[in-house]
$ cat run-v4.cif   # mmCIF, C-alpha atoms
data_final
loop_
_atom_site.label_atom_id
_atom_site.label_comp_id
_atom_site.auth_asym_id
_atom_site.auth_seq_id
_atom_site.Cartn_x
_atom_site.Cartn_y
_atom_site.Cartn_z
CA MET A 1 -19.23 -87.47 -35.42
CA ARG A 2 -15.97 -86.42 -33.82
CA SER A 3 -15.85 -86.56 -30.10
CA LEU A 4 -14.77 -83.73 -27.93
CA GLU A 5 -11.59 -85.66 -27.28
CA ASP A 6 -10.87 -85.85 -31.09
CA GLU A 7 -11.37 -82.12 -31.44
CA LEU A 8 -8.87 -81.48 -28.70
CA PHE A 9 -6.40 -84.27 -29.40
CA PRO A 10 -6.51 -85.59 -33.04
CA SER A 11 -5.23 -89.11 -33.72
CA THR A 12 -2.61 -88.03 -36.30
CA PRO A 13 0.57 -87.23 -34.37
CA GLY A 14 2.04 -84.82 -36.97
CA LYS A 15 -1.15 -82.83 -37.20
CA VAL A 16 -1.12 -82.27 -33.49
CA LYS A 17 2.42 -80.91 -33.60
CA ILE A 18 1.76 -78.57 -36.52
CA GLU A 19 -1.50 -77.16 -35.20
CA ARG A 20 -0.02 -76.74 -31.75
CA THR A 21 2.89 -74.76 -33.28
CA HIS A 22 0.49 -72.58 -35.27
CA THR A 23 -1.58 -72.01 -32.18
CA ILE A 24 1.49 -70.88 -30.20
CA ASN A 25 2.57 -68.60 -33.08
CA ARG A 26 -0.88 -67.05 -33.31
CA GLN A 27 -1.02 -66.49 -29.57
CA PHE A 28 2.49 -64.97 -29.63
CA TYR A 29 1.57 -62.72 -32.57
CA ARG A 30 -1.66 -61.60 -30.91
CA CYS A 31 0.21 -60.86 -27.70
CA PHE A 32 2.94 -58.95 -29.54
CA ALA A 33 0.40 -57.04 -31.60
CA SER A 34 -1.60 -56.22 -28.49
CA THR A 35 1.53 -55.02 -26.66
CA SER A 36 2.64 -52.87 -29.59
CA THR A 37 -0.80 -51.32 -29.86
CA MET A 38 -0.89 -50.55 -26.16
CA PHE A 39 2.59 -49.04 -26.39
CA LEU A 40 1.55 -46.84 -29.30
CA TRP A 41 -1.59 -45.77 -27.47
CA ALA A 42 0.48 -44.99 -24.39
CA LEU A 43 2.83 -42.82 -26.49
CA PHE A 44 -0.15 -41.10 -28.03
CA LEU A 45 -1.73 -40.38 -24.65
CA ILE A 46 1.56 -39.07 -23.27
CA ALA A 47 1.98 -36.76 -26.27
CA LEU A 48 -1.63 -35.61 -25.97
CA THR A 49 -1.22 -34.90 -22.24
CA ALA A 50 2.03 -33.00 -22.85
CA SER A 51 0.37 -30.94 -25.56
CA TYR A 52 -2.57 -30.14 -23.31
CA LEU A 53 -0.36 -29.09 -20.42
CA SER A 54 1.75 -26.94 -22.73
CA PHE A 55 -1.36 -25.31 -24.17
CA GLN A 56 -2.83 -24.79 -20.70
CA SER A 57 0.40 -23.16 -19.57
CA PHE A 58 0.23 -20.86 -22.59
CA VAL A 59 -3.39 -19.99 -21.83
CA ASP A 60 -2.62 -19.35 -18.15
CA SER A 61 0.33 -17.14 -18.93
CA GLY A 62 -1.70 -15.34 -21.56
CA SER A 63 -4.54 -14.85 -19.09
CA ARG A 64 -2.15 -13.45 -16.52
CA TYR A 65 -0.72 -11.11 -19.15
CA PHE A 66 -4.05 -9.84 -20.37
CA SER A 67 -5.56 -9.58 -16.87
CA ALA A 68 -2.53 -7.77 -15.37
CA SER A 69 -3.33 -4.35 -13.95
CA TRP A 70 -0.22 -2.83 -15.49
CA GLY A 71 1.76 -3.02 -18.70
CA GLY A 72 1.11 -2.40 -22.36
CA ILE A 73 1.43 0.53 -24.76
CA GLN A 74 -1.67 2.36 -23.54
CA TRP A 75 -0.65 1.93 -19.89
CA GLU A 76 2.83 3.31 -20.58
CA LYS A 77 1.30 6.27 -22.39
CA GLN A 78 -0.86 7.06 -19.35
CA VAL A 79 2.19 6.91 -17.08
CA ARG A 80 4.20 9.25 -19.34
CA ASN A 81 1.35 11.75 -19.70
CA SER A 82 0.78 11.85 -15.94
CA ALA A 83 4.50 12.42 -15.32
CA GLN A 84 4.62 15.34 -17.75
CA ILE A 85 5.90 18.55 -16.13
CA SER A 86 3.92 21.69 -16.99
CA ARG A 87 5.52 24.30 -14.74
CA SER A 88 8.03 26.69 -16.26
CA ASP A 89 9.54 28.19 -13.11
CA ASP A 90 12.38 26.71 -11.07
CA ILE A 91 11.89 25.63 -7.46
CA ARG A 92 13.75 27.61 -4.86
CA ASN A 93 17.11 26.41 -3.58
CA GLY A 94 17.97 24.97 -6.98
CA GLY A 95 15.49 22.13 -6.77
CA GLY A 96 14.45 22.38 -10.42
CA LYS A 97 11.33 20.94 -12.03
CA MET A 98 9.95 17.76 -10.52
CA SER A 99 8.52 14.50 -11.73
CA VAL A 100 7.30 12.72 -8.60
CA LEU A 101 6.31 9.12 -7.92
CA VAL A 102 3.79 9.22 -5.07
CA THR A 103 3.25 5.91 -3.29
CA GLY A 104 -0.05 5.47 -1.45
CA ALA A 105 -1.50 8.07 -3.82
CA ALA A 106 -5.11 6.93 -3.22
CA GLY A 107 -4.63 7.35 0.51
CA PHE A 108 -5.55 10.35 2.66
CA VAL A 109 -2.27 12.28 2.64
CA GLY A 110 -1.16 10.84 -0.70
CA SER A 111 -4.18 12.12 -2.62
CA HIS A 112 -3.86 15.63 -1.16
CA VAL A 113 -0.12 15.82 -1.88
CA SER A 114 -0.62 14.53 -5.43
CA LEU A 115 -3.24 17.19 -6.16
CA ALA A 116 -1.05 19.96 -4.74
CA LEU A 117 1.95 18.87 -6.83
CA LYS A 118 -0.13 18.66 -10.00
CA LYS A 119 -1.74 22.03 -9.31
CA ARG A 120 1.62 23.78 -9.30
CA GLY A 121 2.74 22.02 -12.49
CA ASP A 122 4.84 19.08 -11.31
CA GLY A 123 4.60 15.70 -13.00
CA VAL A 124 2.87 13.14 -10.77
CA VAL A 125 2.42 9.38 -11.08
CA GLY A 126 0.70 7.53 -8.24
CA ILE A 127 0.81 3.93 -7.09
CA ASP A 128 -1.56 2.26 -4.62
CA ASN A 129 -2.65 -1.30 -3.86
CA PHE A 130 -6.19 -0.30 -2.78
CA ASN A 131 -6.21 -2.76 0.13
CA ASN A 132 -9.25 -3.21 2.36
CA TYR A 133 -7.80 -1.97 5.66
CA TYR A 134 -10.63 0.53 5.39
CA ASP A 135 -13.39 0.96 2.80
CA PRO A 136 -11.74 0.75 -0.66
CA THR A 137 -14.68 2.73 -2.06
CA LEU A 138 -13.27 5.86 -0.45
CA LYS A 139 -9.90 5.17 -2.06
CA LYS A 140 -11.57 4.68 -5.44
CA SER A 141 -13.33 8.02 -5.00
CA ARG A 142 -10.00 9.70 -4.31
CA LYS A 143 -8.59 7.99 -7.40
CA ASN A 144 -11.44 9.39 -9.50
CA LEU A 145 -10.76 12.86 -8.10
CA LEU A 146 -7.09 12.58 -9.05
CA SER A 147 -7.95 11.22 -12.49
CA LYS A 148 -10.11 14.26 -13.19
CA ASN A 149 -7.05 16.37 -12.45
CA GLY A 150 -4.82 14.46 -14.85
CA ILE A 151 -3.12 12.17 -12.32
CA PHE A 152 -2.77 8.50 -13.20
CA ILE A 153 -2.63 5.96 -10.36
CA VAL A 154 -1.07 2.59 -11.03
CA GLU A 155 -2.83 -0.20 -9.17
CA GLY A 156 0.00 -2.23 -7.69
CA ASP A 157 2.06 -3.03 -4.62
CA ILE A 158 5.35 -1.39 -3.66
CA ASN A 159 6.68 -4.90 -2.97
CA ASP A 160 6.45 -5.59 -6.71
CA ALA A 161 10.06 -4.91 -7.75
CA LYS A 162 9.31 -5.54 -11.44
CA LEU A 163 6.54 -2.96 -11.45
CA LEU A 164 8.72 -0.35 -9.75
CA ALA A 165 11.58 -1.05 -12.17
CA LYS A 166 9.17 -0.65 -15.10
CA LEU A 167 7.93 2.71 -13.81
CA PHE A 168 11.50 4.00 -13.46
CA ASP A 169 12.27 2.66 -16.92
CA ILE A 170 9.40 4.71 -18.36
CA VAL A 171 9.95 7.87 -16.29
CA ALA A 172 13.17 9.34 -14.88
CA PHE A 173 11.56 10.40 -11.60
CA THR A 174 13.40 13.23 -9.86
CA HIS A 175 11.64 12.62 -6.54
CA VAL A 176 9.73 9.94 -4.68
CA MET A 177 7.08 10.88 -2.13
CA HIS A 178 6.69 7.64 -0.19
CA LEU A 179 3.39 7.66 1.69
CA ALA A 180 2.29 4.04 1.23
CA ALA A 181 2.14 2.26 4.59
CA GLN A 182 0.04 0.08 6.83
CA ALA A 183 -1.37 2.67 9.20
CA GLY A 184 -3.10 2.38 12.57
CA VAL A 185 -1.79 1.54 16.01
CA ARG A 186 -4.43 -0.92 17.25
CA TYR A 187 -4.78 -2.95 14.03
CA ALA A 188 -1.23 -4.24 14.57
CA MET A 189 -2.58 -6.51 17.30
CA GLU A 190 -4.89 -8.17 14.75
CA ASN A 191 -2.66 -8.33 11.69
CA PRO A 192 1.00 -7.75 12.55
CA ASN A 193 2.31 -9.23 9.30
CA SER A 194 0.70 -6.48 7.24
CA TYR A 195 2.95 -3.93 8.99
CA ILE A 196 6.09 -5.89 8.19
CA HIS A 197 4.93 -6.37 4.58
CA SER A 198 4.21 -2.70 3.88
CA ASN A 199 6.31 -0.65 6.32
CA ILE A 200 9.54 -2.64 6.17
CA ALA A 201 9.61 -5.03 3.18
CA GLY A 202 7.83 -2.52 0.94
CA LEU A 203 10.17 0.28 2.01
CA VAL A 204 13.26 -1.83 1.26
CA THR A 205 11.90 -2.84 -2.16
CA LEU A 206 11.35 0.82 -3.01
CA LEU A 207 14.80 1.84 -1.76
CA GLU A 208 16.41 -0.94 -3.78
CA THR A 209 14.75 0.41 -6.92
CA CYS A 210 15.75 4.00 -6.13
CA LYS A 211 19.39 3.20 -5.39
CA SER A 212 19.73 1.37 -8.72
CA ALA A 213 18.03 4.13 -10.73
CA ASN A 214 20.12 6.42 -12.87
CA PRO A 215 19.71 9.21 -11.98
CA GLN A 216 18.76 8.43 -8.42
CA PRO A 217 15.68 10.30 -7.14
CA SER A 218 15.49 12.24 -3.90
CA ILE A 219 13.17 10.57 -1.39
CA VAL A 220 10.75 12.08 1.10
CA TRP A 221 8.81 9.57 3.17
CA ALA A 222 6.27 9.43 5.99
CA SER A 223 7.60 8.32 9.34
CA SER A 224 5.35 9.00 12.34
CA SER A 225 5.12 10.82 15.65
CA SER A 226 4.48 7.34 17.07
CA VAL A 227 8.25 6.76 17.10
CA TYR A 228 8.45 8.92 20.25
CA GLY A 229 6.65 6.09 22.03
CA LEU A 230 6.91 6.29 25.80
CA ASN A 231 8.99 9.46 25.73
CA GLU A 232 7.63 11.84 28.40
CA LYS A 233 9.63 14.95 27.47
CA VAL A 234 7.45 17.55 25.74
CA PRO A 235 7.30 18.95 23.19
CA PHE A 236 8.77 16.10 21.13
CA SER A 237 11.95 17.11 19.30
CA GLU A 238 13.76 15.25 16.53
CA SER A 239 16.77 14.75 18.82
CA ASP A 240 14.71 13.04 21.55
CA ARG A 241 14.89 9.31 22.33
CA THR A 242 12.92 7.09 19.99
CA ASP A 243 14.03 3.69 21.26
CA GLN A 244 10.93 2.90 23.33
CA PRO A 245 8.10 2.26 20.84
CA ALA A 246 4.70 1.55 22.35
CA SER A 247 3.27 -0.30 19.34
CA LEU A 248 4.34 -2.50 16.43
CA TYR A 249 3.35 0.30 14.07
CA ALA A 250 5.75 2.65 15.86
CA ALA A 251 8.47 0.00 15.80
CA THR A 252 8.16 -0.44 12.02
CA LYS A 253 8.38 3.32 11.51
CA LYS A 254 11.44 3.52 13.73
CA ALA A 255 12.93 0.63 11.78
CA GLY A 256 12.20 2.61 8.62
CA GLU A 257 14.25 5.51 9.91
CA GLU A 258 17.21 3.23 10.56
CA ILE A 259 16.84 1.51 7.17
CA THR A 260 16.66 4.80 5.25
CA HIS A 261 19.74 6.06 7.09
CA THR A 262 21.60 2.94 5.91
CA TYR A 263 20.64 3.53 2.27
CA ASN A 264 21.65 7.16 2.56
CA HIS A 265 25.02 6.21 4.02
CA ILE A 266 25.85 3.37 1.61
CA TYR A 267 24.22 4.42 -1.65
CA GLY A 268 24.06 8.22 -1.46
CA LEU A 269 20.27 8.53 -1.55
CA SER A 270 18.93 11.91 -0.43
CA ILE A 271 16.34 11.03 2.19
CA THR A 272 13.96 13.11 4.31
CA GLY A 273 11.72 11.50 6.92
CA LEU A 274 8.59 13.30 8.12
CA ARG A 275 7.07 12.54 11.52
CA PHE A 276 3.38 13.35 11.05
CA PHE A 277 1.30 14.31 14.09
CA THR A 278 -2.35 13.11 13.95
CA VAL A 279 -3.38 14.33 10.51
CA TYR A 280 -7.09 15.08 9.96
CA GLY A 281 -9.35 16.72 7.41
CA PRO A 282 -11.55 16.08 4.33
CA TRP A 283 -11.08 12.73 2.59
CA GLY A 284 -9.57 11.39 5.84
CA ARG A 285 -9.20 7.84 7.13
CA PRO A 286 -12.34 6.19 8.59
CA ASP A 287 -10.29 4.46 11.30
CA MET A 288 -9.27 7.79 12.87
CA ALA A 289 -11.13 8.92 16.01
CA TYR A 290 -12.51 12.21 14.61
CA PHE A 291 -13.89 10.32 11.59
CA SER A 292 -15.51 7.46 13.51
CA PHE A 293 -16.86 9.90 16.14
CA THR A 294 -18.57 11.88 13.39
CA ARG A 295 -20.10 8.75 11.86
CA ASN A 296 -21.40 7.43 15.18
CA ILE A 297 -22.78 10.76 16.36
CA LEU A 298 -24.76 11.14 13.13
CA GLN A 299 -26.05 7.57 13.43
CA GLY A 300 -26.99 7.98 17.08
CA LYS A 301 -24.46 5.37 18.18
CA PRO A 302 -22.24 5.69 21.26
CA ILE A 303 -18.59 6.67 20.95
CA THR A 304 -15.75 5.36 23.10
CA VAL A 305 -13.56 8.01 24.70
CA TYR A 306 -10.38 6.72 26.30
CA ARG A 307 -8.94 8.22 29.46
CA GLY A 308 -5.32 8.04 30.64
CA LYS A 309 -3.83 7.25 34.03
CA ASN A 310 -5.14 9.18 37.03
CA LEU A 311 -8.24 10.12 35.00
CA VAL A 312 -6.16 12.39 32.73
CA ASP A 313 -7.69 13.15 29.32
CA LEU A 314 -5.77 12.00 26.27
CA ALA A 315 -4.42 14.81 24.09
CA ARG A 316 -3.21 14.94 20.50
CA ASP A 317 -1.38 17.49 18.37
CA PHE A 318 -4.07 17.46 15.66
CA THR A 319 -2.64 18.76 12.36
CA TYR A 320 -4.84 19.81 9.45
CA ILE A 321 -4.17 18.17 6.10
CA ASP A 322 -3.41 21.42 4.24
CA ASP A 323 -0.64 22.22 6.72
CA ILE A 324 0.82 18.72 6.28
CA VAL A 325 0.75 19.14 2.49
CA LYS A 326 2.71 22.40 2.78
CA GLY A 327 5.27 20.56 4.87
CA CYS A 328 5.52 17.73 2.31
CA LEU A 329 6.04 20.13 -0.60
CA GLY A 330 8.55 22.15 1.40
CA SER A 331 10.49 18.96 2.12
CA LEU A 332 10.51 18.00 -1.55
CA ASP A 333 11.62 21.48 -2.62
CA THR A 334 14.59 21.48 -0.23
CA SER A 335 15.50 17.79 -0.39
CA GLY A 336 18.76 18.25 -2.29
CA LYS A 337 20.12 15.67 -4.71
CA SER A 338 21.07 12.04 -4.35
CA THR A 339 24.75 11.44 -5.08
CA GLY A 340 24.76 7.83 -6.21
CA SER A 341 24.87 6.47 -9.74
CA GLY A 342 23.95 2.91 -10.69
CA GLY A 343 23.89 1.88 -7.05
CA LYS A 344 27.28 3.43 -6.19
CA LYS A 345 27.73 6.42 -3.90
CA THR A 346 29.90 9.26 -5.19
CA GLY A 347 29.58 11.59 -2.19
CA PRO A 348 27.55 12.43 0.92
CA ALA A 349 23.84 13.12 0.44
CA PRO A 350 21.32 14.91 2.70
CA TYR A 351 19.64 12.88 5.43
CA ARG A 352 16.97 14.74 7.40
CA ILE A 353 14.10 14.11 9.81
CA PHE A 354 11.40 16.67 10.63
CA ASN A 355 8.35 16.90 12.86
CA LEU A 356 5.21 18.10 11.08
CA GLY A 357 2.64 19.01 13.70
CA ASN A 358 0.45 21.87 14.84
CA THR A 359 2.22 22.56 18.18
CA SER A 360 -1.12 22.95 20.00
CA PRO A 361 -2.31 19.69 21.62
CA VAL A 362 -6.05 19.39 22.22
CA THR A 363 -7.77 16.88 24.51
CA VAL A 364 -10.07 14.26 23.03
CA PRO A 365 -13.13 15.51 25.02
CA THR A 366 -12.54 18.95 23.50
CA LEU A 367 -12.46 17.36 20.05
CA VAL A 368 -15.82 15.72 20.77
CA SER A 369 -17.31 19.03 21.93
CA ILE A 370 -16.24 20.75 18.71
CA LEU A 371 -17.78 17.97 16.62
CA GLU A 372 -21.03 18.21 18.58
CA ARG A 373 -21.14 21.93 17.86
CA HIS A 374 -20.59 21.52 14.12
CA LEU A 375 -22.96 18.54 13.81
CA LYS A 376 -25.59 20.13 16.07
CA MET A 377 -25.97 16.78 17.81
CA LYS A 378 -24.91 15.43 21.20
CA ALA A 379 -22.64 12.43 21.42
CA LYS A 380 -23.44 9.36 23.51
CA LYS A 381 -20.13 8.86 25.29
CA ASN A 382 -18.66 5.76 26.89
CA ILE A 383 -15.62 6.90 28.87
CA ILE A 384 -13.21 4.10 29.72
CA ASP A 385 -9.59 3.72 30.77
CA MET A 386 -7.10 3.44 27.94
CA PRO A 387 -6.21 -0.23 27.29
CA GLY A 388 -2.67 -1.37 26.68
CA ASN A 389 -3.07 -1.47 22.90
CA GLY A 390 -0.16 0.71 21.82
CA ASP A 391 -1.75 4.14 22.19
CA VAL A 392 0.15 6.90 24.01
CA PRO A 393 -1.46 9.49 26.32
CA PHE A 394 -0.35 12.63 24.45
CA THR A 395 1.61 14.01 21.50
CA HIS A 396 3.12 17.46 21.08
CA ALA A 397 5.41 18.54 18.24
CA ASN A 398 8.39 20.85 18.29
CA ILE A 399 8.47 22.12 14.68
CA SER A 400 11.39 24.57 14.92
CA SER A 401 13.60 22.51 12.59
CA ALA A 402 10.98 22.39 9.82
CA THR A 403 10.27 26.10 10.29
CA HIS A 404 13.95 26.91 9.94
CA GLU A 405 14.55 24.60 6.96
CA PHE A 406 11.54 25.33 4.75
CA ASP A 407 9.43 27.87 6.62
CA TYR A 408 6.85 25.37 7.85
CA LYS A 409 4.10 27.27 9.71
CA PRO A 410 0.75 25.55 10.37
CA THR A 411 -2.18 27.98 10.17
CA THR A 412 -5.34 25.90 10.78
CA ASP A 413 -6.65 25.38 14.31
CA LEU A 414 -8.81 22.39 15.26
CA GLN A 415 -12.05 24.41 15.33
CA THR A 416 -11.56 25.57 11.74
CA GLY A 417 -10.22 22.27 10.46
CA LEU A 418 -13.07 20.18 11.90
CA LYS A 419 -15.60 22.59 10.41
CA LYS A 420 -14.13 21.91 6.96
CA PHE A 421 -14.05 18.17 7.63
CA VAL A 422 -17.71 18.06 8.75
CA ARG A 423 -18.78 20.03 5.69
CA TRP A 424 -17.01 17.50 3.46
CA TYR A 425 -18.37 14.51 5.42
CA LEU A 426 -21.99 15.65 5.19
CA SER A 427 -21.61 16.26 1.47
CA TYR A 428 -19.75 13.05 0.64
CA TYR A 429 -22.04 10.73 2.63
CA GLY A 430 -25.26 12.59 1.79
CA TYR A 431 -26.21 13.87 5.25
CA ASN A 432 -28.14 16.94 6.25
CA HIS A 433 -28.04 17.27 10.02
CA GLY A 434 -28.20 13.53 10.41
CA LYS A 435 -30.76 12.86 7.66
CA PRO A 436 -29.88 11.61 4.18
CA ILE A 437 -30.33 14.16 1.43
CA ASN A 438 -32.98 13.09 -1.09
#

$ encode --input "run-v4.cif" --output "structure tokens"
Amino acid sequence: MRSLEDELFPSTPGKVKIERTHTINRQFYRCFASTSTMFLWALFLIALTASYLSFQSFVDSGSRYFSASWGGIQWEKQVRNSAQISRSDDIRNGGGKMSVLVTGAAGFVGSHVSLALKKRGDGVVGIDNFNNYYDPTLKKSRKNLLSKNGIFIVEGDINDAKLLAKLFDIVAFTHVMHLAAQAGVRYAMENPNSYIHSNIAGLVTLLETCKSANPQPSIVWASSSSVYGLNEKVPFSESDRTDQPASLYAATKKAGEEITHTYNHIYGLSITGLRFFTVYGPWGRPDMAYFSFTRNILQGKPITVYRGKNLVDLARDFTYIDDIVKGCLGSLDTSGKSTGSGGKKTGPAPYRIFNLGNTSPVTVPTLVSILERHLKMKAKKNIIDMPGNGDVPFTHANISSATHEFDYKPTTDLQTGLKKFVRWYLSYYGYNHGKPIN
């Protein structure tokens, strides 16, 4: 029997050399074969990973395409149908027939203006991002109301330049009614960036689209009475100082006036800014005092009534929505034409600013008394001094310029307007003198 030593080291010298050589060759071959196999497997895995990532990218892009809220043949057809003009008469002052892009169309003022335009035969396409600044359900309800009247609202943001360009590619809008904005004075202390995003960046994105359009549309947009800020001269006139804003909201609206003037001057865009004074009425904004007062009174909850310096009651120039709508349509009808083409100005274009108010300021305690009368319920009032949150003690509009330019004459007093609002509120939210309707 061979010993372990013989197995490892045979006695024949040549045999040892040959077997050792074969052993080295086999080990080298196995190593090479193993390395080649690993290399091939590595290449295979790399190719497989690349294929997967490529496929995943395709799936993701496809998902984004199919889940997008705009685009496609059917979507374009809805836009075109909504923009269709049905009126046969010409607007006074040579304005002609209108196809209007209304931004913020699911908002309070936007929905009312859209309906009024459609009612008289103008083409209307809306755009709204349906944000959650207040209950989006109310915005969806407004959208449904507009849809029943043949108005299509695109769900999108005015900061989306590609979306705006697509809309102008589909429809040669003659006018833009720009009502999309981040509203509210006090909310700016919680979320200041939202005001920059909507009221400044969004405005510039829209203006960039309009100045490059051919033909350029005429633009009417919502500024605010808040731009008068700490101005103490009353009533507020368009020529008064507006360089002392009391809130970030006011500052963004003032910035908007300066920005629009620049685009008018450089690119020949016809631009009209409207300074709204405390708009109220059916389908209003839940963050407004008259709206929240109504809700709390019906629910038996206390309301907070602010008081100014020296125990002076706050006062507002409350303006009913129907009067505001008349002012918006009058502004559109008399806006004149933009003079630019392909982003180049060929001549001067109109630039205007108007107050749209009621000219009859009413104190907040009087507002509460009127609501109590219509609701047949007493309010639980907490009266406190006005905090330094951007609110101003009073507003009062001088509307002589708007009256002269397009015969703007508000006709609804606060008593009548709140009666209409309460009737709508009780119906919409299912109340009957504070009790849900079965």

$ residues_around --input "run-v4.cif" --residues "Leu298 of chain A" --least-positions-apart "2" --cutoff "12 Å" --atoms "all atoms listed in the file" --output "PyMOL selection string"
chain A and resi 291-296+300-303+371-372+374-380+422+425-426+429-436

$ write_last_selection --input "run-v4.cif" --atoms "C-alpha atoms" --output "mmCIF file, keeping the file's coordinate frame"
data_model
loop_
_atom_site.group_PDB
_atom_site.id
_atom_site.type_symbol
_atom_site.label_atom_id
_atom_site.label_comp_id
_atom_site.auth_asym_id
_atom_site.auth_seq_id
_atom_site.Cartn_x
_atom_site.Cartn_y
_atom_site.Cartn_z
ATOM 1 C CA PHE A 291 -13.890 10.320 11.590
ATOM 2 C CA SER A 292 -15.510 7.460 13.510
ATOM 3 C CA PHE A 293 -16.860 9.900 16.140
ATOM 4 C CA THR A 294 -18.570 11.880 13.390
ATOM 5 C CA ARG A 295 -20.100 8.750 11.860
ATOM 6 C CA ASN A 296 -21.400 7.430 15.180
ATOM 7 C CA GLY A 300 -26.990 7.980 17.080
ATOM 8 C CA LYS A 301 -24.460 5.370 18.180
ATOM 9 C CA PRO A 302 -22.240 5.690 21.260
ATOM 10 C CA ILE A 303 -18.590 6.670 20.950
ATOM 11 C CA LEU A 371 -17.780 17.970 16.620
ATOM 12 C CA GLU A 372 -21.030 18.210 18.580
ATOM 13 C CA HIS A 374 -20.590 21.520 14.120
ATOM 14 C CA LEU A 375 -22.960 18.540 13.810
ATOM 15 C CA LYS A 376 -25.590 20.130 16.070
ATOM 16 C CA MET A 377 -25.970 16.780 17.810
ATOM 17 C CA LYS A 378 -24.910 15.430 21.200
ATOM 18 C CA ALA A 379 -22.640 12.430 21.420
ATOM 19 C CA LYS A 380 -23.440 9.360 23.510
ATOM 20 C CA VAL A 422 -17.710 18.060 8.750
ATOM 21 C CA TYR A 425 -18.370 14.510 5.420
ATOM 22 C CA LEU A 426 -21.990 15.650 5.190
ATOM 23 C CA TYR A 429 -22.040 10.730 2.630
ATOM 24 C CA GLY A 430 -25.260 12.590 1.790
ATOM 25 C CA TYR A 431 -26.210 13.870 5.250
ATOM 26 C CA ASN A 432 -28.140 16.940 6.250
ATOM 27 C CA HIS A 433 -28.040 17.270 10.020
ATOM 28 C CA GLY A 434 -28.200 13.530 10.410
ATOM 29 C CA LYS A 435 -30.760 12.860 7.660
ATOM 30 C CA PRO A 436 -29.880 11.610 4.180
#

$ atom_distance --input "run-v4.cif" --atom1 "atom CA of Asn159 of chain A" --atom2 "atom CA of Leu203 of chain A"
8.0 Å

$ closest_residue --input "run-v4.cif" --among "A:Ala250, A:Ala165, A:Leu207, A:Val305" --to "Gly184 of chain A" --atoms "only C-alpha atoms"
A:Ala250

$ resolve_selection --input "run-v4.cif" --expression "the PyMOL selection byres ((chain A and resi 395) around 10)" --output "number ranges by chain"
A: 225-226, 228-229, 231-232, 234-236, 277-278, 314-318, 357, 359-362, 392-394, 396-397

$ closest_residue --input "run-v4.cif" --among "A:Ala213, A:Ser82, A:Pro136, A:Leu179" --to "Asn149 of chain A" --atoms "only C-alpha atoms"
A:Ser82

$ closest_residue --input "run-v4.cif" --among "A:Ala255, A:Ile73, A:Ala161, A:Ile297" --to "Asp243 of chain A" --atoms "all atoms listed in the file"
A:Ala255

$ residues_around --input "run-v4.cif" --residues "Leu356 of chain A" --least-positions-apart "3" --cutoff "7 Å" --atoms "only C-alpha atoms" --output "ChimeraX atom specification"
/A:274-277,324,327,399

$ atom_distance --input "run-v4.cif" --atom1 "atom CA of Val113 of chain A" --atom2 "atom CA of Thr411 of chain A"
17.2 Å

$ resolve_selection --input "run-v4.cif" --expression "the PyMOL selection byres ((chain A and resi 214) around 9)" --output "list in words"
Phe168, Ala172, Cys210, Lys211, Ser212, Ala213, Pro215, Gln216, Pro217, Gly340, Ser341, Gly342 and Gly343 of chain A

$ residues_around --input "run-v4.cif" --residues "segment 245-249 of chain A" --least-positions-apart "6" --cutoff "7 Å" --atoms "only C-alpha atoms" --output "PyMOL selection string"
chain A and resi 184-185+188+195+227-230+390-391

$ atom_distance --input "run-v4.cif" --atom1 "atom CA of Phe421 of chain A" --atom2 "atom CA of Asp407 of chain A"
25.4 Å

$ residues_near_point --input "run-v4.cif" --point "(-7.4, 5.0, -5.8)" --cutoff "9 Å" --atoms "only C-alpha atoms" --output "list of chain:residue names"
A:Gly104, A:Ala105, A:Ala106, A:Gly107, A:Ser111, A:Gly126, A:Ile127, A:Asp128, A:Asn129, A:Phe130, A:Pro136, A:Thr137, A:Leu138, A:Lys139, A:Lys140, A:Ser141, A:Arg142, A:Lys143, A:Asn144, A:Leu145, A:Leu146, A:Ile153, A:Val154, A:Glu155

$ resolve_selection --input "run-v4.cif" --expression "the PyMOL selection byres ((chain A and resi 334) around 12)" --output "compact mmCIF listing (two decimals) with C-alpha atoms, in the frame of the given file"
# COMPACT_ATOMS: atom_id res chain seq x y z
CA ILE A 91 11.89 25.63 -7.46
CA ARG A 92 13.75 27.61 -4.86
CA ASN A 93 17.11 26.41 -3.58
CA GLY A 94 17.97 24.97 -6.98
CA GLY A 95 15.49 22.13 -6.77
CA GLY A 96 14.45 22.38 -10.42
CA MET A 98 9.95 17.76 -10.52
CA HIS A 175 11.64 12.62 -6.54
CA SER A 218 15.49 12.24 -3.90
CA ILE A 219 13.17 10.57 -1.39
CA VAL A 220 10.75 12.08 1.10
CA SER A 270 18.93 11.91 -0.43
CA ILE A 271 16.34 11.03 2.19
CA THR A 272 13.96 13.11 4.31
CA GLY A 327 5.27 20.56 4.87
CA CYS A 328 5.52 17.73 2.31
CA LEU A 329 6.04 20.13 -0.60
CA GLY A 330 8.55 22.15 1.40
CA SER A 331 10.49 18.96 2.12
CA LEU A 332 10.51 18.00 -1.55
CA ASP A 333 11.62 21.48 -2.62
CA SER A 335 15.50 17.79 -0.39
CA GLY A 336 18.76 18.25 -2.29
CA LYS A 337 20.12 15.67 -4.71
CA PRO A 350 21.32 14.91 2.70
CA TYR A 351 19.64 12.88 5.43
CA ARG A 352 16.97 14.74 7.40
CA ALA A 402 10.98 22.39 9.82
CA HIS A 404 13.95 26.91 9.94
CA GLU A 405 14.55 24.60 6.96
CA PHE A 406 11.54 25.33 4.75
CA ASP A 407 9.43 27.87 6.62
CA TYR A 408 6.85 25.37 7.85
